[in-house]
Each structure stands twice: as C-alpha cells, then as structure tokens.
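Structure file final_13.txt (compact mmCIF, C-alpha atoms) follows.
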```
# COMPACT_ATOMS: atom_id res chain seq x y z
CA MET A 1 0.00 0.00 0.00
CA ASP A 2 1.14 3.55 -0.72
CA GLY A 3 -0.42 4.72 2.51
CA LEU A 4 -3.62 4.81 4.47
CA ALA A 5 -5.05 7.67 2.43
CA GLU A 6 -4.90 5.67 -0.80
CA LEU A 7 -6.33 2.57 0.90
CA ARG A 8 -9.15 4.62 2.37
CA ASP A 9 -10.03 6.05 -1.04
CA ARG A 10 -10.12 2.59 -2.57
CA LEU A 11 -12.22 1.19 0.27
CA ARG A 12 -14.69 4.07 -0.01
CA ALA A 13 -15.04 3.38 -3.72
CA VAL A 14 -15.77 -0.31 -3.09
CA VAL A 15 -18.37 0.48 -0.44
CA ALA A 16 -20.03 3.18 -2.54
CA GLN A 17 -20.53 0.62 -5.30
CA ARG A 18 -21.52 -2.44 -3.29
CA MET A 19 -23.07 -1.53 0.06
CA ILE A 20 -26.84 -1.24 0.37
CA THR A 21 -27.30 1.86 2.49
CA ASP A 22 -29.93 3.38 4.74
CA PRO A 23 -29.90 6.78 6.46
CA ALA A 24 -28.10 5.39 9.51
CA HIS A 25 -25.71 3.04 7.69
CA ASP A 26 -24.08 4.84 4.79
CA LEU A 27 -20.68 6.10 3.72
CA ALA A 28 -20.88 8.95 6.23
CA HIS A 29 -21.39 6.38 9.01
CA LEU A 30 -18.26 4.53 7.91
CA ASP A 31 -16.30 7.79 7.81
CA ARG A 32 -17.39 8.57 11.37
CA VAL A 33 -16.51 5.07 12.61
CA TRP A 34 -13.01 5.54 11.18
CA VAL A 35 -12.69 8.92 12.94
CA ASN A 36 -13.86 7.30 16.19
CA ALA A 37 -11.40 4.42 15.73
CA CYS A 38 -8.51 6.83 15.20
CA ALA A 39 -9.43 8.57 18.46
CA ILE A 40 -9.21 5.24 20.31
CA ALA A 41 -6.24 3.56 18.57
CA ASP A 42 -2.70 3.69 19.89
CA ALA A 43 0.77 3.17 18.43
CA GLN A 44 0.47 -0.62 18.59
CA THR A 45 -2.69 -0.76 16.47
CA ASP A 46 -2.46 -2.20 12.96
CA ARG A 47 -3.96 0.80 11.14
CA ILE A 48 -4.38 -1.08 7.86
CA VAL A 49 -6.48 -3.78 9.51
CA LEU A 50 -8.44 -1.20 11.48
CA LEU A 51 -9.09 0.97 8.42
CA ALA A 52 -10.26 -1.97 6.32
CA ALA A 53 -12.52 -3.24 9.09
CA CYS A 54 -14.07 0.20 9.63
CA TYR A 55 -15.03 0.57 5.98
CA LEU A 56 -16.15 -3.00 5.33
CA HIS A 57 -17.94 -3.87 8.57
CA ASP A 58 -21.38 -3.08 7.07
CA LEU A 59 -20.65 -4.39 3.59
CA VAL A 60 -23.71 -6.63 4.00
CA ASN A 61 -26.20 -4.28 5.63
CA LEU A 62 -29.46 -5.93 6.68
CA PRO A 63 -32.38 -4.00 8.22
CA LYS A 64 -32.69 -4.19 12.00
CA ASN A 65 -35.95 -6.10 11.68
CA ASP A 66 -34.55 -8.65 9.22
CA PRO A 67 -34.65 -12.18 10.70
CA ASP A 68 -31.10 -12.76 9.43
CA ARG A 69 -29.74 -9.57 11.02
CA HIS A 70 -27.54 -11.61 13.38
CA LEU A 71 -25.71 -13.02 10.34
CA ALA A 72 -24.87 -9.66 8.76
CA SER A 73 -21.41 -9.27 10.28
CA ARG A 74 -20.39 -12.80 9.25
CA ARG A 75 -21.60 -12.16 5.71
CA SER A 76 -19.76 -8.84 5.65
CA ALA A 77 -16.58 -10.62 6.72
CA GLU A 78 -17.00 -13.27 4.03
CA ASP A 79 -17.68 -10.72 1.30
CA SER A 80 -14.74 -8.59 2.41
CA GLU A 81 -12.14 -11.32 1.87
CA PRO A 82 -11.81 -11.05 -1.94
CA VAL A 83 -11.83 -7.26 -1.63
CA LEU A 84 -9.01 -7.35 0.90
CA ARG A 85 -7.01 -9.77 -1.21
CA GLU A 86 -7.39 -7.55 -4.27
CA LEU A 87 -6.23 -4.58 -2.21
CA GLY A 88 -3.04 -6.44 -1.34
CA LEU A 89 -3.46 -7.20 2.34
CA SER A 90 -1.49 -10.13 3.70
CA GLU A 91 -3.24 -13.33 4.76
CA ALA A 92 -2.66 -12.43 8.41
CA GLN A 93 -4.18 -8.98 7.86
CA ILE A 94 -7.15 -10.48 6.03
CA ALA A 95 -7.81 -12.89 8.89
CA ALA A 96 -7.52 -10.08 11.44
CA THR A 97 -9.85 -7.84 9.45
CA ARG A 98 -12.40 -10.61 9.07
CA HIS A 99 -12.39 -11.25 12.81
CA ALA A 100 -12.83 -7.56 13.61
CA ILE A 101 -15.80 -7.34 11.24
CA GLU A 102 -17.43 -10.51 12.57
CA ALA A 103 -17.03 -9.47 16.21
CA HIS A 104 -18.26 -5.87 15.97
CA SER A 105 -21.97 -6.77 15.97
CA PHE A 106 -24.24 -6.90 19.02
CA SER A 107 -26.37 -9.67 17.59
CA ALA A 108 -23.51 -11.87 16.33
CA ASN A 109 -22.34 -12.47 19.92
CA ILE A 110 -18.70 -13.07 18.92
CA PRO A 111 -16.09 -11.98 21.52
CA PRO A 112 -13.51 -9.53 20.07
CA GLU A 113 -10.08 -11.09 20.61
CA THR A 114 -7.71 -8.51 19.07
CA PRO A 115 -7.04 -4.81 19.71
CA GLU A 116 -8.41 -3.92 16.28
CA ALA A 117 -11.62 -5.88 16.91
CA ARG A 118 -12.14 -4.19 20.28
CA ILE A 119 -11.49 -0.75 18.79
CA LEU A 120 -13.90 -1.31 15.89
CA ARG A 121 -16.64 -2.49 18.24
CA ASP A 122 -16.25 0.59 20.43
CA ALA A 123 -15.95 2.94 17.44
CA ASP A 124 -19.13 1.60 15.85
CA ARG A 125 -21.07 1.86 19.10
CA LEU A 126 -19.89 5.42 19.65
CA ASP A 127 -21.76 6.37 16.49
CA ALA A 128 -24.98 5.39 18.28
CA LEU A 129 -24.35 8.07 20.92
CA GLY A 130 -24.26 11.85 21.14
CA ALA A 131 -25.84 14.21 18.63
CA ILE A 132 -25.26 11.78 15.76
CA GLY A 133 -26.72 8.95 17.81
CA ILE A 134 -29.89 10.96 18.45
CA ALA A 135 -30.30 11.62 14.73
CA ARG A 136 -29.62 7.99 13.78
CA ASN A 137 -32.01 6.64 16.41
CA PHE A 138 -34.91 8.75 15.18
CA SER A 139 -34.04 8.02 11.55
CA VAL A 140 -34.05 4.25 12.05
CA SER A 141 -37.18 4.35 14.21
CA GLY A 142 -39.02 6.39 11.60
CA ALA A 143 -38.00 4.00 8.84
CA LEU A 144 -39.35 1.09 10.91
CA GLY A 145 -42.60 2.89 11.66
CA ARG A 146 -41.98 3.21 15.38
CA THR A 147 -43.64 5.91 17.47
CA LEU A 148 -41.43 8.61 18.98
CA TYR A 149 -42.69 7.96 22.54
CA ASP A 150 -45.68 6.72 24.52
CA PRO A 151 -47.75 9.84 25.30
CA ALA A 152 -49.38 8.10 28.27
CA ASP A 153 -46.05 7.17 29.88
CA PRO A 154 -43.10 8.63 27.92
CA PHE A 155 -40.35 7.24 30.14
CA ALA A 156 -41.91 3.87 31.04
CA SER A 157 -42.45 4.72 34.68
CA HIS A 158 -45.43 2.36 34.94
CA ARG A 159 -44.98 -0.05 32.03
CA PRO A 160 -42.27 -2.32 30.64
CA LEU A 161 -39.81 -0.70 28.26
CA ASP A 162 -40.74 -1.45 24.65
CA ASP A 163 -38.24 -0.27 22.06
CA LEU A 164 -39.97 -2.23 19.31
CA HIS A 165 -42.73 0.39 19.43
CA TYR A 166 -41.23 3.51 21.05
CA SER A 167 -38.06 5.22 19.88
CA ILE A 168 -37.25 6.90 23.20
CA ASP A 169 -37.50 3.55 25.01
CA HIS A 170 -34.50 2.35 23.02
CA TRP A 171 -32.37 4.93 24.78
CA LYS A 172 -33.03 3.29 28.14
CA VAL A 173 -33.00 -0.27 26.80
CA LYS A 174 -29.62 0.08 25.13
CA LEU A 175 -28.06 3.43 24.28
CA LEU A 176 -27.62 5.06 27.70
CA ALA A 177 -25.90 1.91 29.00
CA LEU A 178 -23.31 1.74 26.20
CA PRO A 179 -20.46 3.38 28.17
CA ASP A 180 -20.40 0.36 30.49
CA ASP A 181 -20.14 -1.93 27.46
CA MET A 182 -17.04 -0.28 25.99
CA LEU A 183 -13.93 -2.43 25.78
CA THR A 184 -11.34 0.37 25.67
CA GLU A 185 -10.79 3.11 28.22
CA ALA A 186 -10.64 5.81 25.53
CA GLY A 187 -13.89 4.55 24.05
CA ARG A 188 -15.56 4.58 27.45
CA GLN A 189 -14.56 8.17 28.12
CA ILE A 190 -15.86 9.35 24.75
CA ALA A 191 -19.06 7.37 25.30
CA LEU A 192 -19.66 9.04 28.67
CA GLN A 193 -19.26 12.50 27.09
CA ARG A 194 -21.76 11.63 24.38
CA VAL A 195 -24.28 10.13 26.79
CA ARG A 196 -24.21 13.36 28.80
CA ARG A 197 -25.22 15.22 25.62
CA MET A 198 -28.11 12.80 25.17
CA ILE A 199 -29.25 13.32 28.76
CA ARG A 200 -29.27 17.10 28.20
CA PHE A 201 -31.50 16.49 25.18
CA LEU A 202 -33.77 14.21 27.21
CA THR A 203 -34.07 16.80 29.97
CA GLU A 204 -35.25 19.44 27.50
CA PHE A 205 -37.45 16.91 25.70
CA ALA A 206 -39.15 16.02 29.00
CA GLU A 207 -39.73 19.70 29.76
CA GLU A 208 -41.33 20.31 26.36
CA ILE A 209 -43.76 17.39 26.66
CA GLY A 210 -44.55 18.18 30.30
CA SER A 211 -43.44 14.84 31.71
CA PRO A 212 -40.74 14.64 34.43
CA LEU A 213 -37.62 12.72 33.46
CA PRO A 214 -36.98 9.96 36.03
CA ASP A 215 -33.67 10.11 37.87
CA SER A 216 -32.82 6.64 36.60
CA TRP A 217 -32.54 8.08 33.08
CA THR A 218 -30.13 10.87 34.04
CA ARG A 219 -27.19 9.13 35.67
CA PRO A 220 -24.80 7.28 33.34
CA ASN A 221 -22.66 4.92 35.39
CA PRO A 222 -19.18 6.53 35.67
CA THR A 223 -17.49 3.22 36.44
CA ARG A 224 -16.90 0.12 34.41
```
Final structure tokens representation of the file:
Amino acid sequence: MDGLAELRDRLRAVVAQRMITDPAHDLAHLDRVWVNACAIADAQTDRIVLLAACYLHDLVNLPKNDPDRHLASRRSAEDSEPVLRELGLSEAQIAATRHAIEAHSFSANIPPETPEARILRDADRLDALGAIGIARNFSVSGALGRTLYDPADPFASHRPLDDLHYSIDHWKVKLLALPDDMLTEAGRQIALQRVRRMIRFLTEFAEEIGSPLPDSWTRPNPTR
C-alpha cells in the first residue's frame, strides 16, 4: 500500500458501489466510525487492519428487523475477503480484518479477541451516541414505523420498556448503557461524554412534553 489515504479512497469506492445503504448506515457512518477508531487507537494498532474493518464492517447491511440480522457481520466478513485480497493485504491482515468485522456486531455475539476488533466495536457503538446517535435513532425508528414515545407514559415509569414500538424507550433499553459496554478506556470516556449530551437532550425533551424525566434516566454509570 502507498499509505492509508490511498487505501481509504479505494475502500470508499468499493463500499459506494456495493453496500446497500440506509440513512443510519451509509458512507458517512463509515467515515465517522473511522474517525472514532482513530481517536481510540494507539501506536500498537495495525492501522491497515483497522481501516479496512471500519469501511467493510457493514458491507452486507441488513435492516434491523430482518430475521437474518444476526448473520450480517459474518456475511460482511466473508464478502470482504476477496476485496481485501485484491487490495493487497497479507493473509494475516485479512484474517484479522475478518475477525474484527465478525465481532463488531451486538447480535452476532462473537467476543472480540484482538485490539483492532475491540477498537472497531467501540468505534461503531460510539456512532450510536451523542448528537449523531440521536439523529440515527430517530431516523431508524421512523423507517421502521416506530412511534417517537408513549404519550401516556413517555419514560416507562409504569410499564415495561418497549423499544420495538417507542423510539425513546430504546435509549433506556440500550443506548444510555453503552459506556459500560465499551472495551477500551478511551472509548468509554468518549461514550460518557456523548451520553451526557443525550441526557441534556432528554431533559429538555421532558420539559417540552410536560413529563418529568426519572432520575434513573439521568445518571450514566461513571465506572466500568
């Protein structure tokens, strides 16, 4: 390779041609995941593996309500192999990239075993948080026909959380807890910053709809 910049350009071209996109999983998402990964990576990280994994991790992008969603990361890893070989990565780098792609997914339930896999998982999850995370959550929920919130009980004070029907419920079910799920210390710190932004949004949201925000929604856990 003549450098990461050239590899990135070639990967972006592949993805632009082959990846089926949606508003929350597009080329801009991959760009942001790479930026997040660079913020987490250290001098020991294989940047070629990390770059390739960032741009190919959603090569097979299935909707969240697809029954085969849990297989998407494995299919992305499989489809990435000939791309990686054509780009000139070594067999060891191809194997490492495939593992990082396979292990990044929540639903795949594959433990990340390498630094690059742990960084990719954290970097991808960071894009579900903060201002971008708010936009992506509402975009995906709208595409799936989910209601913004339950007007009778917006913050599930007297009902079970139900993020299959209510967009805001997904924050409590999953998003606000993501800092505790981070595998790198740098990722955890960035996640906590972004969750605080989301809580500020929720506080103003609660004020506008006239429904108090429960304390349990406002305190991200500061410890791992």
Let me have the centre and edge lengths of the axis-aligned box enclosing all listed atoms of region 66-79 of chain A with 5 Å padding on every side, in Å to one decimal, as AutoDock Vina command-line options.
```
--center_x -25.6 --center_y -11.0 --center_z 7.3 --size_x 28.1 --size_y 14.6 --size_z 22.1
```
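Of the residues listed (A:Ala100, A:Leu11, A:Leu71, A:Ala24), A:Ala100 shows the shortest atom-to-atom separation from Arg118 (chain A); distances use all atoms listed in the file.
Nearest to Val140 (chain A) of all the residues A:Ala13, A:Glu208, A:Glu185, A:Pro23 is A:Pro23, based on all atoms listed in the file.
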8 Å contact set for Leu161 (chain A), all atoms listed in the file, chain neighbours under 4 positions out, as an MDAnalysis selection string = chainID A and resid 156 169 172:173
Counting only C-alpha atoms, the residue of A:Pro82, A:Thr184, A:Tyr55, A:Pro160 that sits nearest Thr114 (chain A) = A:Thr184
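Neighbouring residues of Leu27 (chain A) at 12 Å or closer, counting only C-alpha atoms and skipping chain neighbours under 3 positions away, are Arg8, Asp9, Leu11, Arg12, Ala13, Val14, Val15, Ala16, Gln17, Arg18, Met19, Ile20, Thr21, Asp22, Pro23, Ala24, Leu30, Asp31, Arg32, Val33, Trp34, Cys54, Tyr55, Leu56, His57, Asp58, Leu59 and Asn61 of chain A.
The coordinates place CA of Val83 (chain A) at 18.4 Å from CA of Asp26 (chain A).
As for CA of Ser107 (chain A) and CA of Val195 (chain A), they are spaced 21.9 Å apart.
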Report as a Markdown table the residues of region 52-132 of chain A within 9 Å of region 38-42 of chain A, each with its shortest atom pair and distance in Å (one decimal), using only C-alpha atoms, ordered by chain and increasing residue number.
```
| residue | atom | partner | partner_atom | distance |
| --- | --- | --- | --- | --- |
| A:Pro115 | CA | A:Ala41 | CA | 8.5 |
| A:Glu116 | CA | A:Ala41 | CA | 8.1 |
| A:Ile119 | CA | A:Ile40 | CA | 6.6 |
| A:Asp122 | CA | A:Ile40 | CA | 8.4 |
| A:Ala123 | CA | A:Ile40 | CA | 7.7 |
```
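CA of Leu129 (chain A) is positioned 12.2 Å from CA of Met182 (chain A).
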message = Taking 4 positions as the minimum chain separation for residues in the same chain, which residues sit within 9 Å of Thr203 (chain A) when counting only C-alpha atoms? Answer as a ChimeraX atom specification.
response = /A:198-199,207-208,212-213,218
task = Pick out the residues sitting within 9 Å of Ser141 (chain A), and hand them over as a list in words; count only C-alpha atoms, and ignore anything fewer than 5 positions along from it in its own chain.
result = Arg136, Arg146, Thr147, Leu148, Leu164, His165, Tyr166 and Ser167 of chain A
message = Report as a ChimeraX atom specification all protein, DNA and RNA residues lying within 12 Å of Glu81 (chain A), evaluated on all atoms listed in the file, omitting residues in the same chain fewer than 2 positions from it.
response = /A:52-53,56-57,59,74-79,83-99,101-102
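Minimum atom-to-atom distance to Ser216 (chain A), evaluated using only C-alpha atoms, belongs to A:Ala177 out of A:Ala177, A:Ile190, A:Ala152, A:Val60.
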inquiry  = Show me the residues around (-21.1, 7.5, 20.5) - criterion: an atom at most 12 Å away, only C-alpha atoms counted - as a ChimeraX atom specification.
reply    = /A:29,32-33,35-37,39,121-137,175-179,181-182,186-198
Preceding selection exported with C-alpha atoms as a PDB file, in the coordinates of the input:
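Written out: part-v7.pdb:
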```pdb
ATOM      1  CA  HIS A  29     -21.390   6.380   9.010  1.00  0.00           C
ATOM      2  CA  ARG A  32     -17.390   8.570  11.370  1.00  0.00           C
ATOM      3  CA  VAL A  33     -16.510   5.070  12.610  1.00  0.00           C
ATOM      4  CA  VAL A  35     -12.690   8.920  12.940  1.00  0.00           C
ATOM      5  CA  ASN A  36     -13.860   7.300  16.190  1.00  0.00           C
ATOM      6  CA  ALA A  37     -11.400   4.420  15.730  1.00  0.00           C
ATOM      7  CA  ALA A  39      -9.430   8.570  18.460  1.00  0.00           C
ATOM      8  CA  ARG A 121     -16.640  -2.490  18.240  1.00  0.00           C
ATOM      9  CA  ASP A 122     -16.250   0.590  20.430  1.00  0.00           C
ATOM     10  CA  ALA A 123     -15.950   2.940  17.440  1.00  0.00           C
ATOM     11  CA  ASP A 124     -19.130   1.600  15.850  1.00  0.00           C
ATOM     12  CA  ARG A 125     -21.070   1.860  19.100  1.00  0.00           C
ATOM     13  CA  LEU A 126     -19.890   5.420  19.650  1.00  0.00           C
ATOM     14  CA  ASP A 127     -21.760   6.370  16.490  1.00  0.00           C
ATOM     15  CA  ALA A 128     -24.980   5.390  18.280  1.00  0.00           C
ATOM     16  CA  LEU A 129     -24.350   8.070  20.920  1.00  0.00           C
ATOM     17  CA  GLY A 130     -24.260  11.850  21.140  1.00  0.00           C
ATOM     18  CA  ALA A 131     -25.840  14.210  18.630  1.00  0.00           C
ATOM     19  CA  ILE A 132     -25.260  11.780  15.760  1.00  0.00           C
ATOM     20  CA  GLY A 133     -26.720   8.950  17.810  1.00  0.00           C
ATOM     21  CA  ILE A 134     -29.890  10.960  18.450  1.00  0.00           C
ATOM     22  CA  ALA A 135     -30.300  11.620  14.730  1.00  0.00           C
ATOM     23  CA  ARG A 136     -29.620   7.990  13.780  1.00  0.00           C
ATOM     24  CA  ASN A 137     -32.010   6.640  16.410  1.00  0.00           C
ATOM     25  CA  LEU A 175     -28.060   3.430  24.280  1.00  0.00           C
ATOM     26  CA  LEU A 176     -27.620   5.060  27.700  1.00  0.00           C
ATOM     27  CA  ALA A 177     -25.900   1.910  29.000  1.00  0.00           C
ATOM     28  CA  LEU A 178     -23.310   1.740  26.200  1.00  0.00           C
ATOM     29  CA  PRO A 179     -20.460   3.380  28.170  1.00  0.00           C
ATOM     30  CA  ASP A 181     -20.140  -1.930  27.460  1.00  0.00           C
ATOM     31  CA  MET A 182     -17.040  -0.280  25.990  1.00  0.00           C
ATOM     32  CA  ALA A 186     -10.640   5.810  25.530  1.00  0.00           C
ATOM     33  CA  GLY A 187     -13.890   4.550  24.050  1.00  0.00           C
ATOM     34  CA  ARG A 188     -15.560   4.580  27.450  1.00  0.00           C
ATOM     35  CA  GLN A 189     -14.560   8.170  28.120  1.00  0.00           C
ATOM     36  CA  ILE A 190     -15.860   9.350  24.750  1.00  0.00           C
ATOM     37  CA  ALA A 191     -19.060   7.370  25.300  1.00  0.00           C
ATOM     38  CA  LEU A 192     -19.660   9.040  28.670  1.00  0.00           C
ATOM     39  CA  GLN A 193     -19.260  12.500  27.090  1.00  0.00           C
ATOM     40  CA  ARG A 194     -21.760  11.630  24.380  1.00  0.00           C
ATOM     41  CA  VAL A 195     -24.280  10.130  26.790  1.00  0.00           C
ATOM     42  CA  ARG A 196     -24.210  13.360  28.800  1.00  0.00           C
ATOM     43  CA  ARG A 197     -25.220  15.220  25.620  1.00  0.00           C
ATOM     44  CA  MET A 198     -28.110  12.800  25.170  1.00  0.00           C
TER      45      MET A 198
END
```
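Distance annotation: of A:Glu6, A:Asp150, A:Asp162, A:Glu204, the residue with the minimal separation from Ile48 (chain A) is A:Glu6; atom set is only C-alpha atoms.
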